[in-house]
>>> print(open('data_33.cif').read())   # mmCIF, C-alpha atoms
data_work
#
loop_
_atom_site.label_atom_id
_atom_site.label_comp_id
_atom_site.auth_asym_id
_atom_site.auth_seq_id
_atom_site.Cartn_x
_atom_site.Cartn_y
_atom_site.Cartn_z
CA MET L 43 10.74 -1.35 13.40
CA ARG L 44 12.40 -4.56 14.57
CA GLU L 45 15.83 -5.03 12.99
CA GLU L 46 15.06 -8.56 11.79
CA MET L 47 11.95 -7.36 9.97
CA ARG L 48 14.01 -5.07 7.77
CA ARG L 49 15.36 -8.15 6.01
CA ASN L 50 12.98 -9.01 3.20
CA LYS L 51 12.09 -12.71 3.42
CA VAL L 52 10.36 -12.68 0.04
CA LYS L 53 13.36 -11.17 -1.70
CA GLN L 54 15.62 -13.77 -0.09
CA MET L 55 13.35 -16.59 -1.27
CA LEU L 56 13.31 -15.25 -4.83
CA LYS L 57 17.10 -14.99 -4.90
CA ALA L 58 17.24 -18.62 -3.76
CA GLY L 59 15.00 -19.60 -6.67
CA LYS L 60 11.96 -20.41 -4.53
CA PRO L 61 8.50 -19.37 -5.71
CA VAL L 62 6.60 -17.20 -3.25
CA VAL L 63 2.85 -17.10 -2.64
CA GLY L 64 1.01 -14.23 -1.01
CA THR L 65 -2.38 -12.59 -1.14
CA PHE L 66 -4.08 -9.21 -1.28
CA MET L 67 -5.42 -7.48 1.82
CA VAL L 68 -8.43 -5.44 0.73
CA SER L 69 -10.08 -5.00 4.13
CA ARG L 70 -8.73 -3.00 7.05
CA SER L 71 -8.99 -5.92 9.48
CA VAL L 72 -5.95 -6.71 11.60
CA ALA L 73 -7.66 -9.98 12.58
CA ALA L 74 -7.96 -11.02 8.93
CA LEU L 75 -4.31 -10.14 8.37
CA GLU L 76 -3.25 -12.30 11.32
CA VAL L 77 -5.28 -15.22 9.95
CA LEU L 78 -3.54 -14.91 6.57
CA ALA L 79 -0.15 -14.94 8.29
CA VAL L 80 -0.97 -18.04 10.34
CA ALA L 81 -2.34 -19.72 7.20
CA GLY L 82 1.19 -19.59 5.79
CA PHE L 83 1.23 -16.89 3.13
CA ASP L 84 4.70 -15.48 2.43
CA PHE L 85 3.52 -11.91 1.93
CA VAL L 86 0.46 -9.70 2.03
CA ILE L 87 -0.26 -6.81 -0.33
CA ILE L 88 -2.11 -4.07 1.53
CA ASP L 89 -4.28 -2.68 -1.24
CA ALA L 90 -4.58 1.10 -1.20
CA GLU L 91 -5.36 1.37 -4.91
CA HIS L 92 -8.95 0.16 -5.09
CA PHE L 93 -9.89 0.17 -1.40
CA MET L 94 -10.30 2.87 1.21
CA LYS L 95 -7.21 3.08 3.40
CA ASN L 96 -5.71 6.24 4.80
CA PRO L 97 -1.94 6.44 5.53
CA GLU L 98 -2.41 5.80 9.26
CA THR L 99 -4.38 2.62 8.57
CA ILE L 100 -1.68 1.44 6.16
CA GLU L 101 0.95 1.98 8.86
CA HIS L 102 -1.13 0.04 11.42
CA LEU L 103 -1.45 -2.88 9.00
CA ILE L 104 2.29 -2.81 8.34
CA ILE L 105 2.94 -2.98 12.10
CA ALA L 106 0.46 -5.84 12.44
CA SER L 107 2.19 -7.68 9.58
CA GLU L 108 5.52 -7.43 11.34
CA ALA L 109 4.03 -8.74 14.57
CA ALA L 110 2.45 -11.67 12.70
CA GLY L 111 5.65 -12.47 10.80
CA ILE L 112 4.35 -11.88 7.26
CA THR L 113 6.14 -9.61 4.77
CA PRO L 114 4.08 -6.45 4.11
CA PHE L 115 3.85 -4.86 0.67
CA VAL L 116 1.57 -1.94 -0.20
CA ARG L 117 -0.18 -1.38 -3.51
CA VAL L 118 -0.19 2.39 -3.82
CA GLN L 119 -2.59 4.74 -5.51
CA GLU L 120 -1.69 6.67 -8.65
CA ASN L 121 0.33 9.12 -6.55
CA VAL L 122 3.91 7.81 -6.70
CA TYR L 123 4.84 9.98 -3.72
CA LEU L 124 2.89 7.69 -1.41
CA ILE L 125 5.67 5.19 -2.12
CA ASP L 126 8.25 6.93 0.06
CA ARG L 127 5.79 7.23 2.93
CA VAL L 128 4.78 3.56 3.05
CA LEU L 129 8.39 2.40 2.75
CA SER L 130 9.33 4.80 5.53
CA ALA L 131 6.52 3.27 7.61
CA GLY L 132 8.15 -0.15 7.21
CA ALA L 133 6.62 -1.73 4.11
CA ARG L 134 9.13 -4.07 2.55
CA GLY L 135 7.91 -3.34 -0.91
CA VAL L 136 5.47 -1.44 -3.08
CA MET L 137 3.25 -2.64 -5.89
CA VAL L 138 2.63 0.08 -8.45
CA PRO L 139 -0.37 -0.28 -10.79
CA MET L 140 -0.60 0.69 -14.45
CA VAL L 141 3.11 1.00 -15.21
CA ASN L 142 2.60 1.71 -18.91
CA THR L 143 5.79 3.49 -19.95
CA ARG L 144 9.50 3.46 -19.32
CA GLU L 145 9.19 6.98 -17.88
CA MET L 146 6.64 5.81 -15.31
CA ALA L 147 8.84 2.89 -14.31
CA GLN L 148 11.81 5.21 -13.86
CA ALA L 149 9.74 7.63 -11.77
CA VAL L 150 8.84 4.78 -9.41
CA VAL L 151 12.49 3.78 -9.00
CA ASP L 152 13.49 7.40 -8.39
CA VAL L 153 10.99 7.76 -5.55
CA ALA L 154 11.47 4.31 -3.98
CA ARG L 155 15.25 3.89 -3.92
CA TYR L 156 18.03 5.82 -2.28
CA SER L 157 21.04 7.14 -4.17
CA PRO L 158 22.87 6.00 -6.24
CA ILE L 159 19.95 4.08 -7.78
CA GLY L 160 17.12 6.51 -7.04
CA LYS L 161 16.43 9.91 -5.57
CA ARG L 162 14.57 9.10 -2.35
CA GLY L 163 15.12 11.66 0.37
CA VAL L 164 16.72 10.60 3.66
CA CYS L 165 15.06 11.00 7.04
CA ASN L 166 14.65 9.14 10.35
CA PRO L 167 11.39 7.25 9.68
CA ARG L 168 9.79 4.36 11.50
CA ALA L 169 11.64 1.89 9.25
CA VAL L 170 14.87 2.95 10.97
CA SER L 171 13.23 3.15 14.41
CA TYR L 172 13.05 6.94 14.19
CA GLY L 173 16.85 7.17 14.44
CA VAL L 174 16.90 5.98 18.07
CA LYS L 175 20.17 4.08 17.53
CA GLY L 176 21.96 7.12 16.19
CA LEU L 177 23.47 8.42 12.97
CA GLU L 178 25.62 5.39 12.15
CA ASP L 179 22.60 3.09 12.25
CA MET L 180 20.69 5.49 10.01
CA LYS L 181 23.58 5.60 7.53
CA ALA L 182 23.65 1.79 7.47
CA TYR L 183 19.91 1.81 6.80
CA TYR L 184 20.35 4.14 3.84
CA ARG L 185 23.04 1.81 2.43
CA GLU L 186 21.06 -1.39 2.99
CA GLU L 187 17.49 -0.33 2.28
CA ASN L 188 17.87 -0.57 -1.50
CA GLU L 189 18.55 -4.28 -1.03
CA ASP L 190 15.81 -4.82 1.55
CA ILE L 191 12.84 -3.35 -0.30
CA MET L 192 11.10 -4.54 -3.46
CA ILE L 193 9.44 -2.72 -6.33
CA LEU L 194 6.67 -4.71 -8.01
CA ALA L 195 5.65 -2.94 -11.21
CA GLN L 196 2.29 -3.98 -12.60
CA ILE L 197 1.98 -4.62 -16.32
CA GLU L 198 -1.76 -4.73 -16.83
CA THR L 199 -2.68 -2.86 -20.00
CA ALA L 200 -2.17 -3.31 -23.73
CA GLU L 201 -0.05 -0.15 -23.64
CA GLY L 202 2.14 -1.58 -20.89
CA VAL L 203 2.71 -4.80 -22.83
CA LYS L 204 3.47 -2.86 -26.03
CA ASN L 205 6.05 -0.75 -24.18
CA PHE L 206 7.41 -3.61 -22.09
CA PRO L 207 10.59 -4.09 -24.17
CA GLU L 208 11.59 -0.57 -23.02
CA ILE L 209 10.11 -0.80 -19.51
CA VAL L 210 12.10 -3.93 -18.74
CA LYS L 211 15.34 -2.00 -19.31
CA VAL L 212 14.74 0.22 -16.27
CA LYS L 213 17.18 -0.68 -13.50
CA GLY L 214 15.89 -1.07 -9.96
CA ILE L 215 12.62 -2.97 -10.45
CA ASP L 216 12.55 -6.32 -8.65
CA THR L 217 9.44 -7.93 -10.14
CA PHE L 218 7.05 -7.31 -12.98
CA PHE L 219 3.57 -8.32 -11.96
CA ILE L 220 0.91 -9.19 -14.53
CA GLY L 221 -2.70 -8.28 -13.75
CA PRO L 222 -4.86 -10.59 -15.92
CA MET L 223 -8.17 -8.91 -15.10
CA ASP L 224 -7.12 -5.38 -16.03
CA LEU L 225 -5.13 -6.66 -18.99
CA SER L 226 -8.13 -8.57 -20.34
CA HIS L 227 -10.28 -5.45 -19.85
CA SER L 228 -7.71 -3.33 -21.68
CA LEU L 229 -7.83 -5.78 -24.59
CA GLY L 230 -11.63 -5.63 -24.76
CA ILE L 231 -12.07 -9.23 -23.54
CA THR L 232 -12.88 -8.62 -19.87
CA GLY L 233 -12.65 -11.79 -17.79
CA GLU L 234 -11.94 -14.07 -20.77
CA PHE L 235 -8.93 -15.67 -19.13
CA ASP L 236 -8.70 -18.47 -21.71
CA ASN L 237 -8.72 -16.09 -24.64
CA PRO L 238 -5.62 -16.63 -26.85
CA LEU L 239 -5.11 -12.87 -27.15
CA LEU L 240 -4.74 -12.50 -23.38
CA LYS L 241 -2.44 -15.52 -23.18
CA GLU L 242 -0.31 -14.05 -25.97
CA HIS L 243 0.16 -10.80 -24.05
CA ILE L 244 0.92 -12.61 -20.77
CA ASP L 245 3.47 -14.83 -22.54
CA LYS L 246 5.20 -11.80 -24.04
CA VAL L 247 5.77 -10.22 -20.63
CA PHE L 248 6.77 -13.55 -19.10
CA GLU L 249 9.32 -14.35 -21.80
CA LEU L 250 10.90 -10.89 -21.95
CA GLY L 251 11.08 -10.70 -18.16
CA LYS L 252 12.71 -14.10 -17.91
CA LYS L 253 15.18 -13.15 -20.65
CA ALA L 254 16.12 -10.11 -18.58
CA ASN L 255 16.49 -12.36 -15.49
CA ILE L 256 13.80 -10.46 -13.58
CA PRO L 257 11.23 -12.39 -11.50
CA ILE L 258 7.71 -12.37 -12.92
CA GLY L 259 4.57 -12.33 -10.80
CA ILE L 260 0.89 -12.79 -11.54
CA MET L 261 -2.53 -12.80 -9.88
CA ALA L 262 -4.24 -16.17 -9.33
CA PHE L 263 -7.68 -16.98 -7.97
CA ASN L 264 -7.14 -20.38 -6.35
CA ALA L 265 -4.55 -23.03 -5.46
CA GLU L 266 -5.01 -24.97 -8.69
CA GLU L 267 -4.26 -21.91 -10.79
CA THR L 268 -1.36 -20.99 -8.49
CA ASN L 269 0.20 -24.43 -8.95
CA GLU L 270 -0.12 -24.09 -12.73
CA TYR L 271 1.70 -20.76 -12.67
CA ILE L 272 4.45 -22.16 -10.45
CA LYS L 273 4.81 -25.11 -12.81
CA LYS L 274 5.11 -22.74 -15.76
CA GLY L 275 7.89 -20.83 -14.01
CA PHE L 276 6.27 -17.78 -12.47
CA ASP L 277 8.20 -16.60 -9.42
CA LEU L 278 5.64 -14.68 -7.37
CA ILE L 279 1.92 -15.37 -7.16
CA ALA L 280 -0.68 -13.30 -5.35
CA MET L 281 -3.56 -15.71 -4.74
CA GLY L 282 -6.96 -14.18 -4.09
CA CYS L 283 -7.62 -11.77 -1.24
CA ASP L 284 -8.91 -11.80 2.30
CA MET L 285 -12.50 -10.91 1.38
CA MET L 286 -12.54 -13.47 -1.44
CA PHE L 287 -11.58 -16.22 0.99
CA LEU L 288 -14.23 -15.07 3.44
CA ALA L 289 -16.90 -14.85 0.74
CA GLN L 290 -16.12 -18.28 -0.70
CA SER L 291 -16.14 -19.99 2.68
CA ALA L 292 -19.31 -18.23 3.81
CA MET L 293 -21.18 -19.00 0.59
CA GLU L 294 -20.11 -22.65 0.59
CA GLU L 295 -21.33 -23.17 4.14
CA MET L 296 -24.56 -21.23 3.65
CA ALA L 297 -25.34 -23.31 0.55
CA LYS L 298 -25.42 -26.39 2.79
CA ILE L 299 -28.08 -24.97 5.09
CA LYS L 300 -31.52 -26.60 4.76
CA ARG L 301 -34.46 -24.48 5.79
#
>>> encode(input="data_33.cif", output="C-alpha cells")
Amino acid sequence: MREEMRRNKVKQMLKAGKPVVGTFMVSRSVAALEVLAVAGFDFVIIDAEHFMKNPETIEHLIIASEAAGITPFVRVQENVYLIDRVLSAGARGVMVPMVNTREMAQAVVDVARYSPIGKRGVCNPRAVSYGVKGLEDMKAYYREENEDIMILAQIETAEGVKNFPEIVKVKGIDTFFIGPMDLSHSLGITGEFDNPLLKEHIDKVFELGKKANIPIGIMAFNAEETNEYIKKGFDLIAMGCDMMFLAQSAMEEMAKIKR
C-alpha cells in the first residue's frame, strides 16, 4: 500500500470542518469505481452487506480505489471479524450496519482499533506493505493506524435510536451514519421519508451526535437532497450508488427514444 494512501483524506476533511460526499459501490466493476473517482466523489463505500463480494474482490476494489485516488471504505457483513481483514487489506474505514446496542458498538471498536483503544491483533498486512520496510515501519503503522482509519457505525433501527444515548458514549467511533430506508422500515413506515416519525428519529440521532461532537452521516438519493443535508449540518453524505446512477441515466436516455 502506498504510504500516502494510508493518510485518510476524508478524516482530514472532517477535522477541518468540511462536509464530505461519497457514494456506495454495489457492483464489482473496477471501471465503475474509476468513473466515480473521476467524477469527484471523496470516498466510495464498497458494499459487502447486501451485495455479493468475496474478500479477494473487496481487496481488488480497495487497490483500484487507491490507484484512482478515492478513499475506500467497506460496509461489512454481520460478521465483525471481517473488519480486521478489510482494514488490513488497506480500507481506510469500515461501515458497520445495524449497530443497535452499546455492546455492539464496543465490539466493533475492539476489532477495528489497535491497543490502547481496541484489541486488534498485529500482523504484517498489505496496509503496511507486508512489512517490507522492516519492524520500525510496522511499529509506526500500529501507532498511527488508529488515527488513519474510520469507523462509521450505522444507526438504522428503532432499537438503535432508542439505545443511541448509550451507544454515543462508546469511544473510538468516528461517525454515526443514519440509514433512512432501514430506519423507516423498522418504524413500520417503509419509504415514507417525509413522515414526521422518521424525521423525529433522525433528528434525535443528529442532535445527540452533534452534542457529543461526533460527525453525523446520512444516505441521500440525489444532489438536491445532499445539499439540504449539508445545509442542515450533516458532515458526511453517501449519495446514491454506482448502479443507481447507471440506471437513472440509462432510463432517462431510453425514455427519449422514439420508435
>>> resolve_selection(input="data_33.cif", expression="the PyMOL selection byres ((chain L and resi 253-263) around 6)", output="PyMOL selection string")
chain L and resi 217-221+250-252+264+267-268+276-282
>>> residues_around(input="data_33.cif", residues="L:Met180", least_positions_apart="3", cutoff="12 Å", atoms="only C-alpha atoms", output="PyMOL selection string")
chain L and resi 45+164-177+183-187
>>> resolve_selection(input="data_33.cif", expression="the PyMOL selection byres ((chain L and resi 197-208) around 10)", output="PyMOL selection string")
chain L and resi 138-145+147+194-196+209-212+218-230+240+243-244+246-247+250-251+254+259-260
>>> closest_residue(input="data_33.cif", among="L:Ile87, L:Ala73, L:Val52, L:Leu288", to="L:Met192", atoms="only C-alpha atoms")
L:Val52
>>> residues_around(input="data_33.cif", residues="L:Asn96", least_positions_apart="4", cutoff="12 Å", atoms="only C-alpha atoms", output="PyMOL selection string")
chain L and resi 70+88-91+100-103+118-119+124+127-128
>>> atom_distance(input="data_33.cif", atom1="atom CA of L:Ser291", atom2="atom CA of L:Phe66")
16.7 Å
>>> closest_residue(input="data_33.cif", among="L:Val122, L:Ile112, L:Met94, L:Ala58", to="L:Met137", atoms="only C-alpha atoms")
L:Val122
>>> closest_residue(input="data_33.cif", among="L:Gly64, L:Gly111, L:Gly135, L:Gly59", to="L:Met47", atoms="all atoms listed in the file")
L:Gly111
>>> atom_distance(input="data_33.cif", atom1="atom CA of L:Met43", atom2="atom CA of L:Pro158")
24.2 Å
>>> residues_near_point(input="data_33.cif", point="(18.2, -4.6, 1.3)", cutoff="7 Å", atoms="all atoms listed in the file", output="list in words")
Arg49, Glu186, Glu187, Asn188, Glu189, Asp190 and Ile191 of chain L
>>> atom_distance(input="data_33.cif", atom1="atom CA of L:Ile299", atom2="atom CA of L:Met286")
20.4 Å
>>> closest_residue(input="data_33.cif", among="L:Asn269, L:Asn237, L:Ser157, L:Asn50", to="L:Val63", atoms="only C-alpha atoms")
L:Asn269
>>> residues_around(input="data_33.cif", residues="L:Ala79", least_positions_apart="5", cutoff="9 Å", atoms="only C-alpha atoms", output="ChimeraX atom specification")
/L:74,84-86,107,110-113
>>> closest_residue(input="data_33.cif", among="L:Gly132, L:Gly160, L:Pro61, L:Gly233", to="L:Lys274", atoms="all atoms listed in the file")
L:Pro61
